[in-house]
Amino acid sequence: MVVRVALLVVLVAVFGVPFLATAQVDPTPPAGYPGQSNLVPVGMPTPTTAFERLVPGGPVRDPGPLDWAQPGPYMQPNWSDFSLRSFSSQAYIATTYYFYWHDLTDPVRRERFQGRFHIPPDPGHYSFLLPETHQREFNDMVAAGLDFVLPVYWGEPGHPGRTTSVTSPHYWSTEGIPAMVEALDRNRALGTPPLQIGMFYDTTILANADLRTAAGKEYFYINVRDYYSRIPPRYWAAIDNKPVVWLYDTVWISKFDQSSIDYLSDRFAQDFGGLRLFVVRESQWQASKGTDSPTPVTSDGLYAWGAAPFGFNPSPELTVAEVGPGFKNTQYCTGGPKRNCFDTDREGGARYERELQQAVASGRHILAAETWNEFSEGTDIQETVETGRQYIDLTRRYVDAFKGLVGGAP
C-alpha cells in the first residue's frame with residue numbers, strides 16, 4: 001500500500017538521509033552523501049554502516065554486531081518492580097501516534113515549516129528535548145480523551161543506517177525519551193490524570209533483516225528492550241498486563257514468520273519480570289514473508305495504516321479503529337499517487353468526524369488517531385495555529401461516545 005512508502009519519503013524529506021542501494025565496501029562516502037559517523041552525539045558509538053546504502057526489498061542483510069544497543073536502567077537484574085497500570089482488552093480505549101522528532105527552537109528549521117506545514121503554538125519552545133513540550137502535548141492528549149500514546153521509536157546512535165541528520169548533535173529518538181519521562185513525572189507530582197506510554201516500533205529500522213534467524217530475531221527484540229528499559233514501568237501502556245508494542249509495516253523486513261513475533265515476548269519476559277507483550281501488527285504482518293508458502297501470523301491486535309489519506313478501513317479482520325483527518329505531502333512531493341504523493345482534503349474537519357463516527361459504530365475496542373503531530377504529512381490533530389483545538393475537541397467528543405460515556409457524540 002503506497003502510503004507506507006509515503007512515510008519513508010517524509011523521513012527522507014525531513015531528515016535528509018534515507019536508506020539507499022546495496023552495501024558499499026569502499027569506506028569513502030559517495031559524493032554529496034552526508035553520512036552519519038560525524039553526526040552522532042559525543043560519547044555515542046560511531047556507526048559502522050555510515051556509508052551503507054539500502055533500498056526496501058533489497059538483499060537480506062545480517063544486522064551484524066549489536067554493540068550499539070544501550071539499554072536503560074528499568075530491566076533485570078537492576079530493576080525488579082514491574083507493576084503496571086493496565087487496561088483491559090474488554091475496555092474501550094484510545095491512542096494516537098506521537099512523532100517526537102521535531103525541534104522548532106532552531107529558527108532555520110522553523111522557517112522551513114512556515115507556509116508548508118501546520119505550526120504548533122509557541123514553536124520557539126517546541127522540541128523533543130524540552131519536558132514542557134511533552135507535558136503540554138500529553139495534557140492535551142488527556143483532554144482529547146486518549147488513554148495512551150505511541151511515540152515513534154527510530155533506533156539509537158550506531159543503529160545501522162540511522163543518522164541524526166538535522167537534529168545533530170542531538171539524537172531525537174533516544175534523547176527525547178528522558179524528556180518525555182520527566183514530563184510524566186511532573187504531571188504525576190501535580191496529580192494530573194495519567195497518560196501511559198506504549199511503543200510505536202518504526203520497522204524501517206530493520207534494514208532488510210531476516211527475522212527468522214537467531215541474529216535477526218535478537219535485532220528485532222533489542223529495540224523493544226532499549227525503548228522500554230528507558231521508561232519506568234509505572235508509565236508503560238499495557239493491555240491485560242502486557243506492555244504494548246505497535247508494529248509498523250514490513251517493507252524493510254526481508255523475512256519473518258510467527259516465530260519472529262513470538263520471540264519478542266519470549267525475550268521480553270526474560271528481561272522484564274516475566275511480562276509478555278501485547279503486540280499489535282500492521283496489516284502487512286498477516287502472513288509470513290520470504291517463506292516458501294505464506295503462513296498465517298497472529299498476535300494480540302491488527303490495524304491498517306492509512307486512514308489519514310484513504311479513510312476508515314472496515315475490513316472485519318482489523319481490531320483497531322484507525323481514523324485520520326486527511327493527508328498532504330504535496331508540499332515536497334510531486335507526481336501524484338503513482339509516486340506516493342497525496343492531497344486528501346480535511347474538509348474543515350468533516351472528514352475526520354465521519355471517520356470518528358465509523359469508529360464509534362465499529363464495535364472495535366481500540367481507537368487510534370493517525371496522527372497527533374506528523375506535520376509534514378498533514379495528519380496532525382494537535383493544537384496548531386491554523387486549526388486551533390478543533391481536532392482535540394472532535395476527538396474528545398467521539399472518544400467519549402466510543403467509550404459509552406455520557407455526553408459523547410450521538
# chains A, B, ... in the order shown; residues from 1 in each chain; ligands from 1
$ closest_atom_pairs --of "range 113-208 of chain A" --to "range 314-329 of chain A" --cutoff "12 Å" --atoms "only C-alpha atoms" --output "tab-separated table"
residue	atom	partner	partner_atom	distance
A:Arg116	CA	A:Asn329	CA	9.4
A:Phe117	CA	A:Lys328	CA	9.1
A:His118	CA	A:Lys328	CA	10.9
$ write_last_selection --atoms "N, CA and C atoms" --output "PDB file, in the first residue's frame"
ATOM      1  N   ARG A 116       4.314  25.844   4.843  1.00  0.00           N
ATOM      2  CA  ARG A 116       4.299  24.480   4.304  1.00  0.00           C
ATOM      3  C   ARG A 116       3.485  23.535   5.176  1.00  0.00           C
ATOM      4  N   PHE A 117       3.681  23.613   6.481  1.00  0.00           N
ATOM      5  CA  PHE A 117       3.021  22.711   7.414  1.00  0.00           C
ATOM      6  C   PHE A 117       2.321  23.509   8.502  1.00  0.00           C
ATOM      7  N   HIS A 118       1.387  22.852   9.175  1.00  0.00           N
ATOM      8  CA  HIS A 118       0.773  23.475  10.342  1.00  0.00           C
ATOM      9  C   HIS A 118       1.833  23.734  11.406  1.00  0.00           C
TER      10      HIS A 118
END
$ select_by_dssp --residues "range 86-226 of chain A" --states "helix (DSSP H, G or I)" --output "PyMOL selection string"
chain A and resi 107-113+123-125+131-143+165-167+172-190+203-206+214-226
$ select_by_dssp --residues "range 275-323 of chain A" --states "strand (DSSP E)" --output "PyMOL selection string"
chain A and resi 278-282+301-303+320-323
$ closest_residue --among "A:Tyr98, A:Trp252, A:Phe310, A:Phe87" --to "Met180 in chain A" --atoms "only C-alpha atoms"
A:Tyr98
$ closest_residue --among "A:Arg281, A:Arg276, A:Lys242, A:Arg136" --to "Ala183 in chain A" --atoms "only C-alpha atoms"
A:Arg136
$ residues_around --residues "range 383-397 of chain A" --least-positions-apart "5" --cutoff "6 Å" --atoms "only C-alpha atoms" --output "ChimeraX atom specification"
/A:119-121,144-145,408-409
$ write_last_selection --atoms "all heavy atoms" --output "CSV table (one decimal), in the first residue's frame"
chain,number,residue,atom,x,y,z
A,119,ILE,N,1.6,24.8,12.2
A,119,ILE,CA,2.6,25.2,13.2
A,119,ILE,C,2.0,25.1,14.6
A,119,ILE,O,0.9,25.6,14.8
A,119,ILE,CB,3.0,26.7,12.9
A,119,ILE,CG1,3.6,26.9,11.5
A,119,ILE,CG2,4.0,27.1,14.0
A,119,ILE,CD1,4.9,26.2,11.3
A,120,PRO,N,2.7,24.5,15.5
A,120,PRO,CA,2.2,24.4,16.9
A,120,PRO,C,2.2,25.8,17.5
A,120,PRO,O,3.1,26.6,17.1
A,120,PRO,CB,3.1,23.4,17.6
A,120,PRO,CG,4.4,23.5,16.8
A,120,PRO,CD,4.0,23.8,15.4
A,121,PRO,N,1.4,26.1,18.5
A,121,PRO,CA,1.5,27.3,19.3
A,121,PRO,C,2.9,27.4,19.9
A,121,PRO,O,3.5,26.4,20.3
A,121,PRO,CB,0.5,27.2,20.3
A,121,PRO,CG,-0.5,26.2,19.8
A,121,PRO,CD,0.3,25.2,19.0
A,144,ALA,N,-8.1,15.2,25.1
A,144,ALA,CA,-8.8,14.6,23.9
A,144,ALA,C,-9.4,13.3,24.3
A,144,ALA,O,-10.0,12.6,23.4
A,144,ALA,CB,-7.8,14.5,22.8
A,145,GLY,N,-9.2,12.8,25.5
A,145,GLY,CA,-9.8,11.6,25.9
A,145,GLY,C,-9.0,10.3,25.7
A,145,GLY,O,-9.4,9.2,25.8
A,408,GLY,N,-21.1,12.0,25.1
A,408,GLY,CA,-20.4,11.8,23.9
A,408,GLY,C,-21.3,12.1,22.7
A,408,GLY,O,-22.5,12.4,22.8
A,409,ALA,N,-20.7,12.1,21.5
A,409,ALA,CA,-21.4,12.4,20.3
A,409,ALA,C,-22.5,11.4,20.1
A,409,ALA,O,-22.3,10.2,20.4
A,409,ALA,CB,-20.4,12.4,19.1
$ closest_residue --among "A:Gly348, A:Gly306, A:Gly198, A:Pro59" --to "Val280 in chain A" --atoms "only C-alpha atoms"
A:Gly198
$ atom_distance --atom1 "CA of Thr192 in chain A" --atom2 "CA of Gly273 in chain A"
28.2 Å
$ closest_residue --among "A:Ala308, A:Met199, A:Ala361, A:Leu129" --to "Tyr171 in chain A" --atoms "only C-alpha atoms"
A:Leu129
$ closest_residue --among "A:Leu184, A:Cys333, A:Leu247, A:Ile261" --to "Glu282 in chain A" --atoms "only C-alpha atoms"
A:Leu247
$ atom_distance --atom1 "CA of Gly378 in chain A" --atom2 "CA of Thr133 in chain A"
19.8 Å
$ closest_residue --among "A:Ser288, A:Ser88, A:Asn223, A:Thr295" --to "Ile366 in chain A" --atoms "only C-alpha atoms"
A:Ser88
$ residues_around --residues "Thr203 in chain A" --least-positions-apart "5" --cutoff "10 Å" --atoms "only C-alpha atoms" --output "ChimeraX atom specification"
/A:152-155,208,220,223,246-253
$ decode --residues "range 112-128 of chain A" --atoms "all heavy atoms" --output "tab-separated table (two decimals), in the first residue's frame"
chain	number	residue	atom	x	y	z
A	112	ARG	N	11.57	26.54	7.75
A	112	ARG	CA	11.18	25.53	6.76
A	112	ARG	C	9.71	25.13	6.91
A	112	ARG	O	9.09	24.68	5.94
A	112	ARG	CB	12.06	24.28	6.91
A	112	ARG	CG	13.52	24.48	6.52
A	112	ARG	CD	14.31	23.20	6.72
A	112	ARG	NE	13.78	22.12	5.90
A	112	ARG	CZ	13.89	20.83	6.19
A	112	ARG	NH1	14.48	20.46	7.31
A	112	ARG	NH2	13.40	19.92	5.40
A	113	PHE	N	9.18	25.26	8.10
A	113	PHE	CA	7.78	24.93	8.34
A	113	PHE	C	6.83	26.00	7.81
A	113	PHE	O	5.72	25.70	7.37
A	113	PHE	CB	7.53	24.74	9.85
A	113	PHE	CG	7.60	23.32	10.31
A	113	PHE	CD1	8.75	22.57	10.13
A	113	PHE	CD2	6.52	22.72	10.92
A	113	PHE	CE1	8.83	21.26	10.56
A	113	PHE	CE2	6.57	21.41	11.36
A	113	PHE	CZ	7.73	20.67	11.18
A	114	GLN	N	7.25	27.25	7.89
A	114	GLN	CA	6.36	28.37	7.59
A	114	GLN	C	5.79	28.25	6.18
A	114	GLN	O	6.51	28.10	5.20
A	114	GLN	CB	7.12	29.70	7.72
A	114	GLN	CG	7.64	30.01	9.11
A	114	GLN	CD	6.53	30.30	10.11
A	114	GLN	OE1	5.41	30.64	9.73
A	114	GLN	NE2	6.84	30.19	11.40
A	115	GLY	N	4.45	28.28	6.10
A	115	GLY	CA	3.79	28.23	4.81
A	115	GLY	C	3.71	26.84	4.19
A	115	GLY	O	3.10	26.68	3.13
A	116	ARG	N	4.31	25.84	4.84
A	116	ARG	CA	4.30	24.48	4.30
A	116	ARG	C	3.49	23.53	5.18
A	116	ARG	O	2.72	22.71	4.67
A	116	ARG	CB	5.73	23.94	4.17
A	116	ARG	CG	6.65	24.76	3.28
A	116	ARG	CD	8.05	24.19	3.29
A	116	ARG	NE	8.14	22.92	2.57
A	116	ARG	CZ	9.06	22.01	2.79
A	116	ARG	NH1	9.95	22.19	3.77
A	116	ARG	NH2	9.11	20.90	2.07
A	117	PHE	N	3.68	23.61	6.48
A	117	PHE	CA	3.02	22.71	7.41
A	117	PHE	C	2.32	23.51	8.50
A	117	PHE	O	2.63	24.68	8.73
A	117	PHE	CB	4.06	21.77	8.07
A	117	PHE	CG	5.03	21.15	7.12
A	117	PHE	CD1	6.40	21.24	7.34
A	117	PHE	CD2	4.59	20.46	5.99
A	117	PHE	CE1	7.30	20.66	6.46
A	117	PHE	CE2	5.49	19.88	5.11
A	117	PHE	CZ	6.85	19.98	5.35
A	118	HIS	N	1.39	22.85	9.18
A	118	HIS	CA	0.77	23.47	10.34
A	118	HIS	C	1.83	23.73	11.41
A	118	HIS	O	2.78	22.96	11.55
A	118	HIS	CB	-0.33	22.58	10.91
A	118	HIS	CG	-1.56	22.52	10.04
A	118	HIS	ND1	-2.56	21.61	10.22
A	118	HIS	CD2	-1.94	23.27	8.97
A	118	HIS	CE1	-3.52	21.79	9.32
A	118	HIS	NE2	-3.16	22.79	8.54
A	119	ILE	N	1.62	24.79	12.16
A	119	ILE	CA	2.60	25.21	13.17
A	119	ILE	C	1.98	25.09	14.56
A	119	ILE	O	0.86	25.58	14.79
A	119	ILE	CB	3.02	26.68	12.93
A	119	ILE	CG1	3.56	26.88	11.52
A	119	ILE	CG2	4.04	27.12	13.97
A	119	ILE	CD1	4.87	26.22	11.26
A	120	PRO	N	2.68	24.47	15.51
A	120	PRO	CA	2.15	24.42	16.88
A	120	PRO	C	2.25	25.79	17.53
A	120	PRO	O	3.08	26.62	17.14
A	120	PRO	CB	3.08	23.42	17.58
A	120	PRO	CG	4.36	23.50	16.82
A	120	PRO	CD	3.98	23.77	15.39
A	121	PRO	N	1.41	26.07	18.53
A	121	PRO	CA	1.55	27.32	19.27
A	121	PRO	C	2.93	27.40	19.90
A	121	PRO	O	3.50	26.40	20.32
A	121	PRO	CB	0.45	27.23	20.34
A	121	PRO	CG	-0.51	26.20	19.83
A	121	PRO	CD	0.31	25.24	19.03
A	122	ASP	N	3.48	28.60	19.94
A	122	ASP	CA	4.79	28.83	20.55
A	122	ASP	C	5.84	27.87	20.00
A	122	ASP	O	6.47	27.11	20.73
A	122	ASP	CB	4.69	28.68	22.08
A	122	ASP	CG	5.94	29.18	22.82
A	122	ASP	OD1	6.72	29.93	22.18
A	122	ASP	OD2	6.11	28.82	23.98
A	123	PRO	N	6.07	27.90	18.68
A	123	PRO	CA	7.02	26.96	18.09
A	123	PRO	C	8.44	27.11	18.62
A	123	PRO	O	9.22	26.16	18.58
A	123	PRO	CB	6.94	27.27	16.59
A	123	PRO	CG	6.43	28.66	16.51
A	123	PRO	CD	5.49	28.81	17.67
A	124	GLY	N	8.79	28.30	19.10
A	124	GLY	CA	10.13	28.51	19.64
A	124	GLY	C	10.41	27.70	20.88
A	124	GLY	O	11.57	27.61	21.32
A	125	HIS	N	9.37	27.08	21.47
A	125	HIS	CA	9.54	26.22	22.63
A	125	HIS	C	8.95	24.83	22.35
A	125	HIS	O	8.42	24.17	23.25
A	125	HIS	CB	8.88	26.83	23.88
A	125	HIS	CG	9.53	28.10	24.33
A	125	HIS	ND1	9.12	29.33	23.87
A	125	HIS	CD2	10.57	28.33	25.16
A	125	HIS	CE1	9.87	30.27	24.42
A	125	HIS	NE2	10.76	29.69	25.20
A	126	TYR	N	9.07	24.40	21.11
A	126	TYR	CA	8.54	23.09	20.71
A	126	TYR	C	9.71	22.22	20.29
A	126	TYR	O	10.28	22.38	19.21
A	126	TYR	CB	7.55	23.25	19.55
A	126	TYR	CG	6.71	22.03	19.25
A	126	TYR	CD1	5.47	21.86	19.87
A	126	TYR	CD2	7.13	21.06	18.35
A	126	TYR	CE1	4.68	20.75	19.60
A	126	TYR	CE2	6.35	19.95	18.07
A	126	TYR	CZ	5.14	19.80	18.71
A	126	TYR	OH	4.35	18.69	18.43
A	127	SER	N	10.11	21.29	21.16
A	127	SER	CA	11.29	20.48	20.89
A	127	SER	C	11.22	19.16	21.63
A	127	SER	O	10.71	19.09	22.76
A	127	SER	CB	12.56	21.22	21.32
A	127	SER	OG	13.69	20.38	21.26
A	128	PHE	N	11.76	18.11	21.02
A	128	PHE	CA	11.85	16.80	21.67
A	128	PHE	C	12.71	16.84	22.91
A	128	PHE	O	12.63	15.97	23.77
A	128	PHE	CB	12.38	15.75	20.69
A	128	PHE	CG	13.77	16.00	20.17
A	128	PHE	CD1	14.88	15.55	20.86
A	128	PHE	CD2	13.97	16.69	18.98
A	128	PHE	CE1	16.16	15.78	20.38
A	128	PHE	CE2	15.24	16.92	18.49
A	128	PHE	CZ	16.35	16.46	19.20
